[in-house]
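Enquirer: I have a structure here, written as structure tokens, and I will follow up with some questions on it.
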Amino acid sequence: MTTIPPRSLFLAILFLGVTGMSVLVPSPLSYLPFLLTLLLGGVLFLSRDRPDRFFYVACAAQPLIIACGLANIWAGLFAVWMTGGMVAGMLDRLSSRQDLLFLLLFFGITLVLAGLVQLANHVLPLLVVLGAGLALALVVLILRDYQFRQHCAGAPP
Amino acid sequence: MTLRQCARGIGLLAILLIAVAGILDDPAVFFAGVSLVAGLLVCYARFLHHVHAASGSVVVQRSAGRSYVLKGATIRVVTSITLPVPPRMQVTAREVLPPALAVQDGTTSLEIPASPGPHSLSYRITPVVHGEVLFPGICLEFRDPFFETAIDLRCEPCSGPLLTVQPVGSMVSSSSGAGGTMEIEKISPLRGAGIRSLREYYTGDNIRNIDWKLSAKFGKLYIREYTGIVNIPLLIVIDLPWSGLPGSAGDLDRMVSSVVGVAERSVMTRRSVSLLFVSGPNVLEFLAGERDLQHCMSRIREWMHPVERTVHQYRTRDRSDLRLQVSALDARMQENSPFTAFYAGLKRRYLTVVASQKPTVFAGQLNRIFSGLVVEELFLFTLGTGDTTHIRQIIRQAAMLKIRVHLRTPAVGTDACEPSFWGRQGAETLEAFV
């Protein structure tokens, strides 16, 4: 039995979502996300033999995310999730439970980010708050890594 | 932790989007940028999670051929590594060796395959410094499309065993006599144990040398004439570095002091020393049986600096090497391999080269120098920089005349001393400059 690869599944859902958005929220620029989804599909098809395919897809998805985000930030979040799913599928990171948990973590973080963007009116305060949050997360990860390296180097617990 | 090309590209794109969002004050562009950063952050967390899980469950078992070993001797070490390779990641295990150990041959790093089961590293090492040497552990290098990192595992289960390296004397004793001496069929101030000839007694001869048995048989007094003993001088070959190559001044200074020490000791204990200055395949000067320590030191001071080489050899294969290759090809061709036709072509090419290749001028010069000397030990000092073809030629020429070669090099681990340099050289002992 032929199974649909995750990247194609996520692309199909993205295509349906963007089409629905174009129909439900009519605007002079509603055709733009539709066209950008076709562009993303084209990049996905043309880069099918390349080992770094996920990188091209991630880059090609950014105009679509921006276009959807200009219409509605939640539409932008939907595009981010679908792109994340496509990239995870191309990197074969949907096969284990842990990989799914990390994908859910990504979905959760971007959900919080979308909520903050919805609440804020300007970029600068968001940049400060998210920069501090990113620095904090990095400090936690780096500290954990440092402690693990010390443990591996034979330091007493 | 190092960002790989994909992570750098995505990070650059994110910074670009966030900068544009800051200029335009557009939340949608900003959201696209920070979602990329969030993706990278999750990838980093996943990478660290897998690295820690794999490093925490690695099992290393290392066994050395002997626990007690003489400095300069060679022992085999086998390291068995059991490691669950995380999905979609590449892991390389690399043996971490202290600078006191020089790798002779074998593999010290291994790309761990995804298949379960222990994977082995096998190599031979030569201790170049005496004392207790502990194998510190291994280094695991993890890579995925976004990140790469290396973790040193030096804790208890990965380190060991302890190797006790016993020192050896700075002069290796000669096999033909004590302290580098040999008996000759001539009269000398020092008397050997062998009898050179028998003659009639003359007034003044030492009566302790009378052969009483022979005298009783012939009715006349006969005297034993014993063989003489001479000290065999050392031959010190100094391979001066090429001025066209960048080198370490510290290594050269240590080589000078080491050469001076060996030469001085040889003059003091063996009354003479032979010095051969070469630089690559260029013989610069030869001092045979030099007894004057001052003159010896002045020549060393004059020569010990990087020199210009008029002749270079770049990986010139010797005829004996090529013959060995031909023998190896013959063995492979008998295995009924699918590459038999290729091996046959390669063998023809080697035989053509062997037939047309003539001995080098340097080999002829070495042969003349070594043949004209009574020498059993040769100390070869080199920095090991650049091409080492001439080192192999010196060692081979010495081995043909049964001269034992003691290779002296800078401390292992410096730029000048890659482990591959020490392999396949064939010297009897290998030590670092002290």
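So you can find residues: chains in the structure tokens are A, B, ... in the order shown, residues in each start at 1, and ligands are numbered from 1 in order.
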Output the contact residues of chain B with respect to chain A at a cut-off of 9 Å, based on only C-alpha atoms, as a PDB file with N, CA and C atoms, in the first residue's frame.
Expert:
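Generated output (out26.pdb):
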```pdb
ATOM      1  N   CYS B   6      23.815  24.553   7.477  1.00  0.00           N
ATOM      2  CA  CYS B   6      22.359  24.754   7.442  1.00  0.00           C
ATOM      3  C   CYS B   6      21.917  25.674   8.569  1.00  0.00           C
ATOM      4  N   GLY B   9      22.900  29.206   7.805  1.00  0.00           N
ATOM      5  CA  GLY B   9      22.043  29.795   6.786  1.00  0.00           C
ATOM      6  C   GLY B   9      20.698  30.207   7.362  1.00  0.00           C
ATOM      7  N   ILE B  10      20.095  29.338   8.151  1.00  0.00           N
ATOM      8  CA  ILE B  10      18.783  29.650   8.736  1.00  0.00           C
ATOM      9  C   ILE B  10      18.913  30.783   9.752  1.00  0.00           C
ATOM     10  N   LEU B  13      19.165  34.013   7.872  1.00  0.00           N
ATOM     11  CA  LEU B  13      17.845  34.393   7.342  1.00  0.00           C
ATOM     12  C   LEU B  13      16.971  34.983   8.448  1.00  0.00           C
ATOM     13  N   ILE B  18      14.336  39.594  11.068  1.00  0.00           N
ATOM     14  CA  ILE B  18      14.091  40.389  12.281  1.00  0.00           C
ATOM     15  C   ILE B  18      14.565  41.831  12.076  1.00  0.00           C
ATOM     16  N   ALA B  21      12.021  43.505   9.978  1.00  0.00           N
ATOM     17  CA  ALA B  21      10.831  43.761  10.801  1.00  0.00           C
ATOM     18  C   ALA B  21      11.055  44.966  11.712  1.00  0.00           C
ATOM     19  N   GLY B  22      12.288  45.088  12.249  1.00  0.00           N
ATOM     20  CA  GLY B  22      12.590  46.243  13.096  1.00  0.00           C
ATOM     21  C   GLY B  22      12.526  47.546  12.319  1.00  0.00           C
ATOM     22  N   LEU B  24      10.813  48.091   9.404  1.00  0.00           N
ATOM     23  CA  LEU B  24       9.447  48.353   8.920  1.00  0.00           C
ATOM     24  C   LEU B  24       8.414  48.368  10.047  1.00  0.00           C
ATOM     25  N   ASP B  25       8.831  47.903  11.232  1.00  0.00           N
ATOM     26  CA  ASP B  25       7.924  47.759  12.376  1.00  0.00           C
ATOM     27  C   ASP B  25       6.721  46.896  11.983  1.00  0.00           C
ATOM     28  N   ASP B  26       7.043  45.740  11.386  1.00  0.00           N
ATOM     29  CA  ASP B  26       5.997  44.853  10.874  1.00  0.00           C
ATOM     30  C   ASP B  26       5.973  43.566  11.693  1.00  0.00           C
ATOM     31  N   PRO B  27       4.936  43.305  12.492  1.00  0.00           N
ATOM     32  CA  PRO B  27       4.899  42.097  13.330  1.00  0.00           C
ATOM     33  C   PRO B  27       4.876  40.796  12.527  1.00  0.00           C
ATOM     34  N   ALA B  28       4.308  40.805  11.317  1.00  0.00           N
ATOM     35  CA  ALA B  28       4.231  39.559  10.531  1.00  0.00           C
ATOM     36  C   ALA B  28       5.622  39.100  10.113  1.00  0.00           C
ATOM     37  N   VAL B  29       6.444  40.042   9.654  1.00  0.00           N
ATOM     38  CA  VAL B  29       7.828  39.697   9.272  1.00  0.00           C
ATOM     39  C   VAL B  29       8.606  39.252  10.519  1.00  0.00           C
ATOM     40  N   PHE B  30       8.343  39.941  11.620  1.00  0.00           N
ATOM     41  CA  PHE B  30       9.021  39.588  12.874  1.00  0.00           C
ATOM     42  C   PHE B  30       8.660  38.162  13.298  1.00  0.00           C
ATOM     43  N   PHE B  31       7.389  37.824  13.144  1.00  0.00           N
ATOM     44  CA  PHE B  31       6.942  36.473  13.521  1.00  0.00           C
ATOM     45  C   PHE B  31       7.642  35.406  12.666  1.00  0.00           C
ATOM     46  N   ALA B  32       7.801  35.702  11.364  1.00  0.00           N
ATOM     47  CA  ALA B  32       8.502  34.745  10.493  1.00  0.00           C
ATOM     48  C   ALA B  32       9.942  34.549  10.966  1.00  0.00           C
ATOM     49  N   GLY B  33      10.601  35.640  11.352  1.00  0.00           N
ATOM     50  CA  GLY B  33      11.988  35.552  11.820  1.00  0.00           C
ATOM     51  C   GLY B  33      12.117  34.779  13.116  1.00  0.00           C
ATOM     52  N   VAL B  34      11.252  35.112  14.103  1.00  0.00           N
ATOM     53  CA  VAL B  34      11.401  34.442  15.406  1.00  0.00           C
ATOM     54  C   VAL B  34      10.955  32.983  15.342  1.00  0.00           C
ATOM     55  N   SER B  35      10.060  32.646  14.399  1.00  0.00           N
ATOM     56  CA  SER B  35       9.695  31.227  14.271  1.00  0.00           C
ATOM     57  C   SER B  35      10.892  30.413  13.777  1.00  0.00           C
ATOM     58  N   LEU B  36      11.731  31.019  12.926  1.00  0.00           N
ATOM     59  CA  LEU B  36      12.959  30.327  12.505  1.00  0.00           C
ATOM     60  C   LEU B  36      13.896  30.130  13.697  1.00  0.00           C
ATOM     61  N   VAL B  37      14.023  31.185  14.532  1.00  0.00           N
ATOM     62  CA  VAL B  37      14.884  31.075  15.729  1.00  0.00           C
ATOM     63  C   VAL B  37      14.342  29.987  16.648  1.00  0.00           C
ATOM     64  N   ALA B  38      13.018  29.942  16.800  1.00  0.00           N
ATOM     65  CA  ALA B  38      12.410  28.912  17.652  1.00  0.00           C
ATOM     66  C   ALA B  38      12.695  27.520  17.104  1.00  0.00           C
ATOM     67  N   GLY B  39      12.641  27.388  15.784  1.00  0.00           N
ATOM     68  CA  GLY B  39      12.954  26.096  15.171  1.00  0.00           C
ATOM     69  C   GLY B  39      14.385  25.673  15.457  1.00  0.00           C
ATOM     70  N   LEU B  41      16.195  26.639  17.968  1.00  0.00           N
ATOM     71  CA  LEU B  41      16.313  26.356  19.401  1.00  0.00           C
ATOM     72  C   LEU B  41      15.821  24.944  19.726  1.00  0.00           C
ATOM     73  N   VAL B  42      14.707  24.560  19.121  1.00  0.00           N
ATOM     74  CA  VAL B  42      14.182  23.205  19.359  1.00  0.00           C
ATOM     75  C   VAL B  42      15.147  22.169  18.793  1.00  0.00           C
ATOM     76  N   CYS B  43      15.710  22.455  17.617  1.00  0.00           N
ATOM     77  CA  CYS B  43      16.692  21.523  17.038  1.00  0.00           C
ATOM     78  C   CYS B  43      17.898  21.379  17.973  1.00  0.00           C
ATOM     79  N   TYR B  44      18.332  22.479  18.568  1.00  0.00           N
ATOM     80  CA  TYR B  44      19.476  22.441  19.489  1.00  0.00           C
ATOM     81  C   TYR B  44      19.144  21.613  20.728  1.00  0.00           C
ATOM     82  N   ALA B  45      17.923  21.819  21.261  1.00  0.00           N
ATOM     83  CA  ALA B  45      17.513  21.039  22.440  1.00  0.00           C
ATOM     84  C   ALA B  45      17.462  19.554  22.106  1.00  0.00           C
ATOM     85  N   ARG B  46      16.949  19.228  20.931  1.00  0.00           N
ATOM     86  CA  ARG B  46      16.871  17.823  20.521  1.00  0.00           C
ATOM     87  C   ARG B  46      18.282  17.239  20.352  1.00  0.00           C
ATOM     88  N   LEU B  48      21.099  18.232  21.815  1.00  0.00           N
ATOM     89  CA  LEU B  48      21.725  18.029  23.133  1.00  0.00           C
ATOM     90  C   LEU B  48      21.130  16.820  23.842  1.00  0.00           C
ATOM     91  N   HIS B  52      23.529  13.772  24.979  1.00  0.00           N
ATOM     92  CA  HIS B  52      23.679  13.382  26.385  1.00  0.00           C
ATOM     93  C   HIS B  52      23.255  11.943  26.595  1.00  0.00           C
ATOM     94  N   SER B  55      26.049   9.721  25.047  1.00  0.00           N
ATOM     95  CA  SER B  55      27.309   9.775  25.804  1.00  0.00           C
ATOM     96  C   SER B  55      27.158   9.100  27.161  1.00  0.00           C
ATOM     97  N   GLY B  56      25.977   9.163  27.734  1.00  0.00           N
ATOM     98  CA  GLY B  56      25.777   8.552  29.049  1.00  0.00           C
ATOM     99  C   GLY B  56      25.716   7.046  29.019  1.00  0.00           C
ATOM    100  N   PRO B  87      19.311   8.429  16.212  1.00  0.00           N
ATOM    101  CA  PRO B  87      18.787   8.404  14.847  1.00  0.00           C
ATOM    102  C   PRO B  87      19.149   9.681  14.096  1.00  0.00           C
ATOM    103  N   ARG B  88      19.488   9.508  12.832  1.00  0.00           N
ATOM    104  CA  ARG B  88      19.831  10.613  11.922  1.00  0.00           C
ATOM    105  C   ARG B  88      21.007  11.439  12.426  1.00  0.00           C
ATOM    106  N   PRO B 145      22.422  17.605  10.749  1.00  0.00           N
ATOM    107  CA  PRO B 145      22.495  18.639   9.705  1.00  0.00           C
ATOM    108  C   PRO B 145      22.686  20.056  10.237  1.00  0.00           C
ATOM    109  N   ILE B 151      32.553  15.572  22.629  1.00  0.00           N
ATOM    110  CA  ILE B 151      32.516  15.391  24.087  1.00  0.00           C
ATOM    111  C   ILE B 151      33.673  14.493  24.485  1.00  0.00           C
ATOM    112  N   ASP B 152      34.473  14.979  25.404  1.00  0.00           N
ATOM    113  CA  ASP B 152      35.584  14.183  25.937  1.00  0.00           C
ATOM    114  C   ASP B 152      35.076  13.339  27.086  1.00  0.00           C
ATOM    115  N   LEU B 153      35.212  12.049  26.951  1.00  0.00           N
ATOM    116  CA  LEU B 153      34.808  11.143  28.032  1.00  0.00           C
ATOM    117  C   LEU B 153      36.079  10.688  28.742  1.00  0.00           C
ATOM    118  N   ARG B 154      36.348  11.306  29.862  1.00  0.00           N
ATOM    119  CA  ARG B 154      37.576  10.993  30.605  1.00  0.00           C
ATOM    120  C   ARG B 154      37.269  10.461  31.991  1.00  0.00           C
ATOM    121  N   CYS B 155      36.030  10.089  32.208  1.00  0.00           N
ATOM    122  CA  CYS B 155      35.679   9.571  33.532  1.00  0.00           C
ATOM    123  C   CYS B 155      36.146   8.116  33.647  1.00  0.00           C
ATOM    124  N   GLU B 156      35.908   7.542  34.809  1.00  0.00           N
ATOM    125  CA  GLU B 156      36.493   6.252  35.181  1.00  0.00           C
ATOM    126  C   GLU B 156      36.215   5.115  34.180  1.00  0.00           C
TER     127      GLU B 156
END
```
Enquirer: Expressed in Å to a single decimal, how great is the separation between atom CA of B:Arg408 and atom CA of B:Arg299?
Expert: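 Between these atoms lies a distance of 19.7 Å.
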Enquirer: Give me the residues within 9 Å of B:Val375 as a ChimeraX atom specification, counting only C-alpha atoms and dropping any in the same chain fewer than 4 places off.
Expert: /B:232-235,370,403
Enquirer: Residues within 6 Å of stretch 345-358 of chain B, please, as a PyMOL selection string. Count only C-alpha atoms; anything in the same chain fewer than 2 positions from it doesn't count.
Expert: chain B and resi 319+326+342-343
Enquirer: Report as a ChimeraX atom specification: the residues of stretch 165-334 of chain B with a DSSP assignment of helix (DSSP H, G or I), based on the backbone of this structure.
Expert: /B:207-209,212-218,249-270,293-303,319-333
Enquirer: What's the separation between atom CA of B:Glu428 and atom CA of B:Leu378, in Å to one decimal place?
Expert: 10.1 Å
Enquirer: Identify which of the residues B:His49, B:Phe146, B:Leu275, B:Ser320 lies closest to B:Ala7, counting only C-alpha atoms when measuring atom-to-atom distances.
Expert: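 That would be B:Phe146, the residue with the smallest distance to B:Ala7.
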Enquirer: Interatomic distance between atom CA of B:His390 and atom CA of B:Gln313?
Expert: 7.5 Å
